[in-house]
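What follows is a single structure, written as structure tokens, with notes after it.
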Amino acid sequence: MSMNSISFLERSRFSPETIQNNQKVQLNNGTTVKFCCPGIITFEPALLSSAKTILLSSGVHGNETAPIEICDKLVEDLLQEKIQSQHRVMFIFGNLPAMNTGERFIEENLNRLFNDSRSTENQEQVRAQEIKREVQRFFNTDLHTPSSHAVSTRIHYDLHTAIRESKNEKFAVYPYLHGHEYNKEQLQFLSACAVNTILLSQSPTSTFSYYTSFNYCTHGFTVELGKVKPFGENSMTNFSQVIEMLGQLITQQELILPPLKECPLDIFDVKQVIDKRTADFALHFSDNIPNFTGFPKGTLLATDGVIEYRTLEDGEAIVFPNANVALGQRALLTVVPCEI
């Protein structure tokens, strides 16, 4: 299927008025494509014998371009019938205006807006509500789809790249599961993607992956695939295993994955979540220190007015440090190794 050689993502970014919301078309292979709205598209195969429902999101931060380029290619390959999905799949390109400006966001961090708030005071808040409506429609369709399984296995990979370098280049955040067991097959899949570092979140958050995990029982993950780079400057060979495995996830009924004991996984537990409370918040380590750098016990990591934040044990490592977040938002995580 050709869209006049202009990709769905390009139309969404530069001429969204050309996308008719909720328009459906059928490909020659029987797949039904639904153009939900700019930046959101679904594919449904003619025969729904599969028990997987897949959501792949990218561009929740507009300057995190590698995942956007990966998902753009998958969408176009599906539209042009170079590949055929065996499962219901939704692609979400999150913050379209921020992609066009090369910024993380325009007014507010979109990945902090997936909570119960119904505010629509700025464009990120409006987009968050639009995404949540479409996700609800997508997953609720599972309940009405004839299948040998009452409810499908639901998967959500929210794909990102990090602001700074990382000792562990590719890693995933496993949202808080409220006492449910961690899924070993998901860890096997991530390892096959060369994502061998897993952070176990220990509290609810306002992120997209926690939102779908909690509200729709997805196997949801925030997946960090490297460092932020502008469009066109990503070396796609760095993502070859991710691209291969996402392609297999979409096009194969079942995956052959390495046994968990053969997966070289590093598991970390979140030790401290440090939020920015005042305009005086400051980090006390260099801007070029990579994620997963560990420190001795008692090391001063940050101050917030008169409050000091120090490491609580030897080897406690930093992840996602950012002193420039809005007041009340997370400015730093610390993590320690653990087992599951």
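Simple scheme: letters A, B, ... for chains in structure tokens order, numbers from 1 for residues in each chain, numbers from 1 for ligands in the order shown.
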
Spatial neighbours of Glu233 in chain A, max dist 12 Å, only C-alpha atoms, sep filter under 5 positions, as a PDB file with all heavy atoms, in the first residue's frame:
```pdb
ATOM      1  N   ASN A  63      12.734  14.175  21.127  1.00  0.00           N
ATOM      2  CA  ASN A  63      14.125  14.155  20.649  1.00  0.00           C
ATOM      3  C   ASN A  63      14.763  12.774  20.753  1.00  0.00           C
ATOM      4  O   ASN A  63      15.944  12.619  20.468  1.00  0.00           O
ATOM      5  CB  ASN A  63      14.968  15.174  21.426  1.00  0.00           C
ATOM      6  CG  ASN A  63      15.047  14.856  22.922  1.00  0.00           C
ATOM      7  OD1 ASN A  63      14.205  14.142  23.461  1.00  0.00           O
ATOM      8  ND2 ASN A  63      16.044  15.419  23.579  1.00  0.00           N
ATOM      9  N   GLU A  64      13.990  11.766  21.130  1.00  0.00           N
ATOM     10  CA  GLU A  64      14.514  10.402  21.269  1.00  0.00           C
ATOM     11  C   GLU A  64      14.221   9.645  19.981  1.00  0.00           C
ATOM     12  O   GLU A  64      13.222   8.936  19.858  1.00  0.00           O
ATOM     13  CB  GLU A  64      13.921   9.752  22.513  1.00  0.00           C
ATOM     14  CG  GLU A  64      14.313  10.528  23.779  1.00  0.00           C
ATOM     15  CD  GLU A  64      13.689   9.992  25.052  1.00  0.00           C
ATOM     16  OE1 GLU A  64      12.986   8.970  25.004  1.00  0.00           O
ATOM     17  OE2 GLU A  64      13.910  10.608  26.110  1.00  0.00           O
ATOM     18  N   THR A  65      15.101   9.816  19.008  1.00  0.00           N
ATOM     19  CA  THR A  65      14.755   9.549  17.613  1.00  0.00           C
ATOM     20  C   THR A  65      14.932   8.108  17.167  1.00  0.00           C
ATOM     21  O   THR A  65      14.226   7.662  16.264  1.00  0.00           O
ATOM     22  CB  THR A  65      15.591  10.456  16.694  1.00  0.00           C
ATOM     23  OG1 THR A  65      16.992  10.173  16.901  1.00  0.00           O
ATOM     24  CG2 THR A  65      15.327  11.924  16.989  1.00  0.00           C
ATOM     25  N   ALA A  66      15.873   7.367  17.745  1.00  0.00           N
ATOM     26  CA  ALA A  66      16.119   6.006  17.258  1.00  0.00           C
ATOM     27  C   ALA A  66      14.869   5.132  17.336  1.00  0.00           C
ATOM     28  O   ALA A  66      14.509   4.459  16.350  1.00  0.00           O
ATOM     29  CB  ALA A  66      17.282   5.371  18.018  1.00  0.00           C
ATOM     30  N   GLU A  69      12.469   6.061  14.550  1.00  0.00           N
ATOM     31  CA  GLU A  69      12.884   5.564  13.233  1.00  0.00           C
ATOM     32  C   GLU A  69      12.640   4.061  13.109  1.00  0.00           C
ATOM     33  O   GLU A  69      12.233   3.572  12.040  1.00  0.00           O
ATOM     34  CB  GLU A  69      14.357   5.899  13.002  1.00  0.00           C
ATOM     35  CG  GLU A  69      14.601   7.398  12.868  1.00  0.00           C
ATOM     36  CD  GLU A  69      16.070   7.784  12.742  1.00  0.00           C
ATOM     37  OE1 GLU A  69      16.938   6.914  12.989  1.00  0.00           O
ATOM     38  OE2 GLU A  69      16.347   8.942  12.402  1.00  0.00           O
ATOM     39  N   LYS A 227      21.561   6.446  23.648  1.00  0.00           N
ATOM     40  CA  LYS A 227      21.633   7.876  23.946  1.00  0.00           C
ATOM     41  C   LYS A 227      20.902   8.690  22.883  1.00  0.00           C
ATOM     42  O   LYS A 227      20.846   8.320  21.711  1.00  0.00           O
ATOM     43  CB  LYS A 227      23.089   8.335  24.026  1.00  0.00           C
ATOM     44  CG  LYS A 227      23.287   9.741  24.592  1.00  0.00           C
ATOM     45  CD  LYS A 227      24.759  10.051  24.783  1.00  0.00           C
ATOM     46  CE  LYS A 227      24.937  11.413  25.447  1.00  0.00           C
ATOM     47  NZ  LYS A 227      24.430  12.524  24.611  1.00  0.00           N
ATOM     48  N   VAL A 228      20.333   9.805  23.304  1.00  0.00           N
ATOM     49  CA  VAL A 228      19.615  10.717  22.411  1.00  0.00           C
ATOM     50  C   VAL A 228      20.523  11.208  21.284  1.00  0.00           C
ATOM     51  O   VAL A 228      21.656  11.630  21.525  1.00  0.00           O
ATOM     52  CB  VAL A 228      19.091  11.934  23.211  1.00  0.00           C
ATOM     53  CG1 VAL A 228      18.651  13.054  22.279  1.00  0.00           C
ATOM     54  CG2 VAL A 228      17.948  11.518  24.122  1.00  0.00           C
ATOM     55  N   ASN A 238      23.401  -0.479  15.654  1.00  0.00           N
ATOM     56  CA  ASN A 238      23.397  -0.563  17.113  1.00  0.00           C
ATOM     57  C   ASN A 238      22.098  -1.152  17.653  1.00  0.00           C
ATOM     58  O   ASN A 238      22.014  -1.522  18.829  1.00  0.00           O
ATOM     59  CB  ASN A 238      23.602   0.825  17.733  1.00  0.00           C
ATOM     60  CG  ASN A 238      24.990   1.369  17.494  1.00  0.00           C
ATOM     61  OD1 ASN A 238      25.920   0.625  17.207  1.00  0.00           O
ATOM     62  ND2 ASN A 238      25.138   2.686  17.592  1.00  0.00           N
TER      63      ASN A 238
END
```

Report as a list of chain:residue names all protein, DNA and RNA residues lying within 7 Å of Pro337 in chain A, evaluated on only C-alpha atoms, omitting residues in the same chain fewer than 4 positions from it. A:Ile267, A:Phe268, A:Asp269

Just the residues within 12 Å of Ile163 in chain A, please, counting only C-alpha atoms, with nothing from its chain fewer than 6 positions along; format it as a PyMOL selection string. chain A and resi 61+63-65+103-104+169+224-230+287-291+319-322+324

In Å, rounded to a single decimal, give me how far CA of Val270 in chain A is from CA of Leu312 in chain A. 11.9 Å

Best match for closeness to Asp158 in chain A among A:Asn29, A:Glu339, A:Phe221, A:Pro259, counting only C-alpha atoms: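 Closest to Asp158 in chain A, using only C-alpha atoms: A:Phe221.
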
Would you mind listing, for every residue of range 102-220 of chain A within 12 Å of range 70-76 of chain A, the two atoms forming the shortest contact and the distance between them in Å to one decimal, using only C-alpha atoms, sorted by chain and ascending residue number, as JSON lines?
```
{"residue": "A:Tyr157", "atom": "CA", "partner": "A:Cys71", "partner_atom": "CA", "distance": 11.2}
{"residue": "A:Asp158", "atom": "CA", "partner": "A:Cys71", "partner_atom": "CA", "distance": 10.9}
{"residue": "A:Leu159", "atom": "CA", "partner": "A:Cys71", "partner_atom": "CA", "distance": 9.2}
{"residue": "A:His160", "atom": "CA", "partner": "A:Ile70", "partner_atom": "CA", "distance": 11.0}
```

Output all heavy atoms for every residue in that selection, as an mmCIF file, in the first residue's frame.
```
data_model
loop_
_atom_site.group_PDB
_atom_site.id
_atom_site.type_symbol
_atom_site.label_atom_id
_atom_site.label_comp_id
_atom_site.auth_asym_id
_atom_site.auth_seq_id
_atom_site.Cartn_x
_atom_site.Cartn_y
_atom_site.Cartn_z
ATOM 1 N N TYR A 157 5.726 -2.074 24.871
ATOM 2 C CA TYR A 157 7.094 -1.581 24.968
ATOM 3 C C TYR A 157 7.080 -0.105 24.611
ATOM 4 O O TYR A 157 6.792 0.270 23.469
ATOM 5 C CB TYR A 157 8.032 -2.357 24.036
ATOM 6 C CG TYR A 157 8.069 -3.844 24.319
ATOM 7 C CD1 TYR A 157 7.881 -4.766 23.303
ATOM 8 C CD2 TYR A 157 8.285 -4.312 25.613
ATOM 9 C CE1 TYR A 157 7.905 -6.133 23.566
ATOM 10 C CE2 TYR A 157 8.308 -5.671 25.890
ATOM 11 C CZ TYR A 157 8.120 -6.581 24.858
ATOM 12 O OH TYR A 157 8.133 -7.924 25.126
ATOM 13 N N ASP A 158 7.367 0.724 25.611
ATOM 14 C CA ASP A 158 7.477 2.171 25.394
ATOM 15 C C ASP A 158 8.956 2.470 25.184
ATOM 16 O O ASP A 158 9.750 2.424 26.124
ATOM 17 C CB ASP A 158 6.922 2.931 26.600
ATOM 18 C CG ASP A 158 6.895 4.431 26.366
ATOM 19 O OD1 ASP A 158 6.753 4.852 25.198
ATOM 20 O OD2 ASP A 158 7.025 5.184 27.354
ATOM 21 N N LEU A 159 9.327 2.771 23.947
ATOM 22 C CA LEU A 159 10.727 2.818 23.531
ATOM 23 C C LEU A 159 11.293 4.232 23.652
ATOM 24 O O LEU A 159 10.706 5.189 23.139
ATOM 25 C CB LEU A 159 10.854 2.312 22.090
ATOM 26 C CG LEU A 159 10.244 0.924 21.824
ATOM 27 C CD1 LEU A 159 10.334 0.588 20.337
ATOM 28 C CD2 LEU A 159 10.933 -0.142 22.661
ATOM 29 N N HIS A 160 12.440 4.335 24.285
ATOM 30 C CA HIS A 160 13.078 5.623 24.553
ATOM 31 C C HIS A 160 14.574 5.546 24.259
ATOM 32 O O HIS A 160 15.129 4.476 24.024
ATOM 33 C CB HIS A 160 12.903 6.001 26.033
ATOM 34 C CG HIS A 160 11.517 6.359 26.424
ATOM 35 N ND1 HIS A 160 11.107 7.656 26.654
ATOM 36 C CD2 HIS A 160 10.427 5.585 26.646
ATOM 37 C CE1 HIS A 160 9.826 7.671 26.994
ATOM 38 N NE2 HIS A 160 9.392 6.413 27.006
#
```

At a cut-off of 12 Å, using only C-alpha atoms, what residues contact Ala331 in chain A? Leave out same-chain residues fewer than 4 positions from it and give the result as a PyMOL selection string. chain A and resi 272-279+281-283+301-304+309+318-327

Next, dump the selected residues to file, keeping only C-alpha atoms, as a CSV table (one decimal), in the first residue's frame.
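Saved to again-v5.csv:
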```csv
chain,number,residue,atom,x,y,z
A,272,GLN,CA,15.8,5.9,46.2
A,273,VAL,CA,13.5,8.1,44.2
A,274,ILE,CA,14.6,11.7,44.6
A,275,ASP,CA,12.2,14.4,43.6
A,276,LYS,CA,13.0,18.0,43.0
A,277,ARG,CA,11.2,20.1,45.7
A,278,THR,CA,12.7,23.5,45.3
A,279,ALA,CA,14.4,25.7,42.7
A,281,PHE,CA,17.9,21.5,43.8
A,282,ALA,CA,21.4,20.6,42.6
A,283,LEU,CA,23.2,17.4,41.7
A,301,LEU,CA,24.4,12.9,45.5
A,302,ALA,CA,22.1,16.0,45.6
A,303,THR,CA,20.9,18.8,47.8
A,304,ASP,CA,17.5,20.5,47.8
A,309,TYR,CA,20.6,13.1,49.6
A,318,ILE,CA,22.6,6.7,39.7
A,319,VAL,CA,20.1,6.5,36.9
A,320,PHE,CA,18.2,9.3,35.1
A,321,PRO,CA,19.8,12.3,36.8
A,322,ASN,CA,18.2,15.5,35.6
A,323,ALA,CA,18.2,18.7,37.8
A,324,ASN,CA,16.2,20.6,35.1
A,325,VAL,CA,12.9,18.8,35.7
A,326,ALA,CA,9.8,20.6,37.0
A,327,LEU,CA,9.2,21.0,40.7
```

Find, counting only C-alpha atoms, the residue in A:Met245, A:Ile19, A:Ile340, A:Val223 that gets nearest to Ala162 in chain A. A:Val223

Residues of range 157-223 of chain A in strand (DSSP E or B), written as a VMD selection string: chain A and resid 157 to 162 166 171 to 174 197 to 200 219 to 223

Skip Glu313 in chain A itself and residues of its chain fewer than 3 positions away, then list as a list in words all residues within 9 Å of it, counting only C-alpha atoms.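 Final neighbour list, sorted by chain and number: Phe295, Pro296, Lys297, Gly298, Glu316 and Val336 of chain A.
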
At a cut-off of 8 Å, using only C-alpha atoms, what residues contact Tyr176 in chain A? Leave out same-chain residues fewer than 2 positions from it and give the result as JSON, numbers by chain. {"A": [174, 178, 200, 201, 202, 203, 204, 210]}

Keeping only all heavy atoms, write those residues as a CSV table (one decimal), in the first residue's frame.
```
chain,number,residue,atom,x,y,z
A,174,TYR,N,11.0,-2.0,34.6
A,174,TYR,CA,9.8,-2.9,34.9
A,174,TYR,C,8.9,-2.2,35.8
A,174,TYR,O,9.3,-2.0,37.0
A,174,TYR,CB,10.3,-4.2,35.4
A,174,TYR,CG,9.5,-5.4,35.1
A,174,TYR,CD1,10.1,-6.7,34.8
A,174,TYR,CD2,8.1,-5.4,35.1
A,174,TYR,CE1,9.3,-7.8,34.6
A,174,TYR,CE2,7.3,-6.5,34.8
A,174,TYR,CZ,7.9,-7.7,34.6
A,174,TYR,OH,7.1,-8.8,34.3
A,178,HIS,N,2.6,-4.3,41.9
A,178,HIS,CA,1.6,-4.5,43.1
A,178,HIS,C,1.5,-5.9,43.5
A,178,HIS,O,0.4,-6.4,43.8
A,178,HIS,CB,0.2,-4.0,42.6
A,178,HIS,CG,0.2,-2.5,42.3
A,178,HIS,ND1,-0.1,-1.5,43.2
A,178,HIS,CD2,0.5,-1.9,41.1
A,178,HIS,CE1,0.0,-0.4,42.7
A,178,HIS,NE2,0.3,-0.5,41.4
A,200,LEU,N,13.8,-2.6,38.5
A,200,LEU,CA,12.5,-3.0,39.1
A,200,LEU,C,12.0,-1.8,39.9
A,200,LEU,O,12.5,-1.5,41.0
A,200,LEU,CB,12.7,-4.2,40.1
A,200,LEU,CG,13.4,-5.5,39.4
A,200,LEU,CD1,13.5,-6.5,40.5
A,200,LEU,CD2,12.6,-6.0,38.2
A,201,SER,N,10.9,-1.2,39.3
A,201,SER,CA,10.3,-0.1,40.0
A,201,SER,C,9.5,-0.6,41.2
A,201,SER,O,8.9,-1.6,41.2
A,201,SER,CB,9.4,0.7,39.1
A,201,SER,OG,8.8,1.8,39.7
A,202,GLN,N,9.5,0.2,42.3
A,202,GLN,CA,8.9,-0.3,43.5
A,202,GLN,C,7.8,0.7,44.0
A,202,GLN,O,7.3,0.6,45.1
A,202,GLN,CB,9.9,-0.4,44.7
A,202,GLN,CG,11.0,-1.4,44.4
A,202,GLN,CD,10.5,-2.8,44.2
A,202,GLN,OE1,9.5,-3.1,44.7
A,202,GLN,NE2,11.3,-3.6,43.5
A,203,SER,N,7.3,1.5,43.1
A,203,SER,CA,6.1,2.3,43.4
A,203,SER,C,5.4,2.8,42.2
A,203,SER,O,6.0,2.7,41.1
A,203,SER,CB,6.7,3.6,44.2
A,203,SER,OG,7.5,4.3,43.4
A,204,PRO,N,4.1,3.1,42.3
A,204,PRO,CA,3.4,3.6,41.1
A,204,PRO,C,4.0,4.9,40.6
A,204,PRO,O,4.6,5.7,41.4
A,204,PRO,CB,2.0,3.9,41.7
A,204,PRO,CG,1.9,3.1,43.0
A,204,PRO,CD,3.3,3.1,43.5
A,210,TYR,N,3.8,2.3,33.1
A,210,TYR,CA,3.0,1.9,34.3
A,210,TYR,C,1.5,2.0,34.1
A,210,TYR,O,0.8,1.2,34.6
A,210,TYR,CB,3.4,2.8,35.5
A,210,TYR,CG,2.6,2.6,36.7
A,210,TYR,CD1,2.8,1.5,37.5
A,210,TYR,CD2,1.5,3.4,37.0
A,210,TYR,CE1,2.0,1.2,38.6
A,210,TYR,CE2,0.7,3.1,38.1
A,210,TYR,CZ,0.9,2.0,38.9
A,210,TYR,OH,0.1,1.8,40.0
```

Can you pull out every residue from range 42-150 of chain A that DSSP, working from the backbone, puts in alpha helix (DSSP H), and format the result as a PyMOL selection string? chain A and resi 65-79+96-101+123-140

Tell me, in Å to one decimal, how far CA of Leu110 in chain A is from CA of Phe231 in chain A.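 Between CA of Leu110 in chain A and CA of Phe231 in chain A the gap works out to 19.7 Å.
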
Give the answer as one residue: which of A:Ile243, A:Ala192, A:Ile6, A:Leu27 has the shortest atom-to-atom distance to Leu255 in chain A, using only C-alpha atoms?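 Closest to Leu255 in chain A, using only C-alpha atoms: A:Ala192.
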
I need the residue nearest Leu56 in chain A from this list: A:His180, A:Arg154, A:Arg112, A:His284. Use only C-alpha atoms for the distance.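 The closest residue to Leu56 in chain A is A:Arg154.
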
CA of Arg127 in chain A to CA of Ile106 in chain A, straight-line distance in Å: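 Between CA of Ile106 in chain A and CA of Arg127 in chain A the gap works out to 11.6 Å.
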
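Proximity of A:Ser12, A:Thr42, A:Thr18, A:Asn140 to Leu96 in chain A, computed with only C-alpha atoms, is greatest for A:Ser12.
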
Name the closest residue to Gln248 in chain A among the candidates A:Cys193, A:Leu333, A:Ala128, A:Ile307; distances are taken between atoms, counting only C-alpha atoms.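 Checking each of A:Cys193, A:Leu333, A:Ala128, A:Ile307 against Gln248 in chain A, counting only C-alpha atoms, the winner is A:Cys193.
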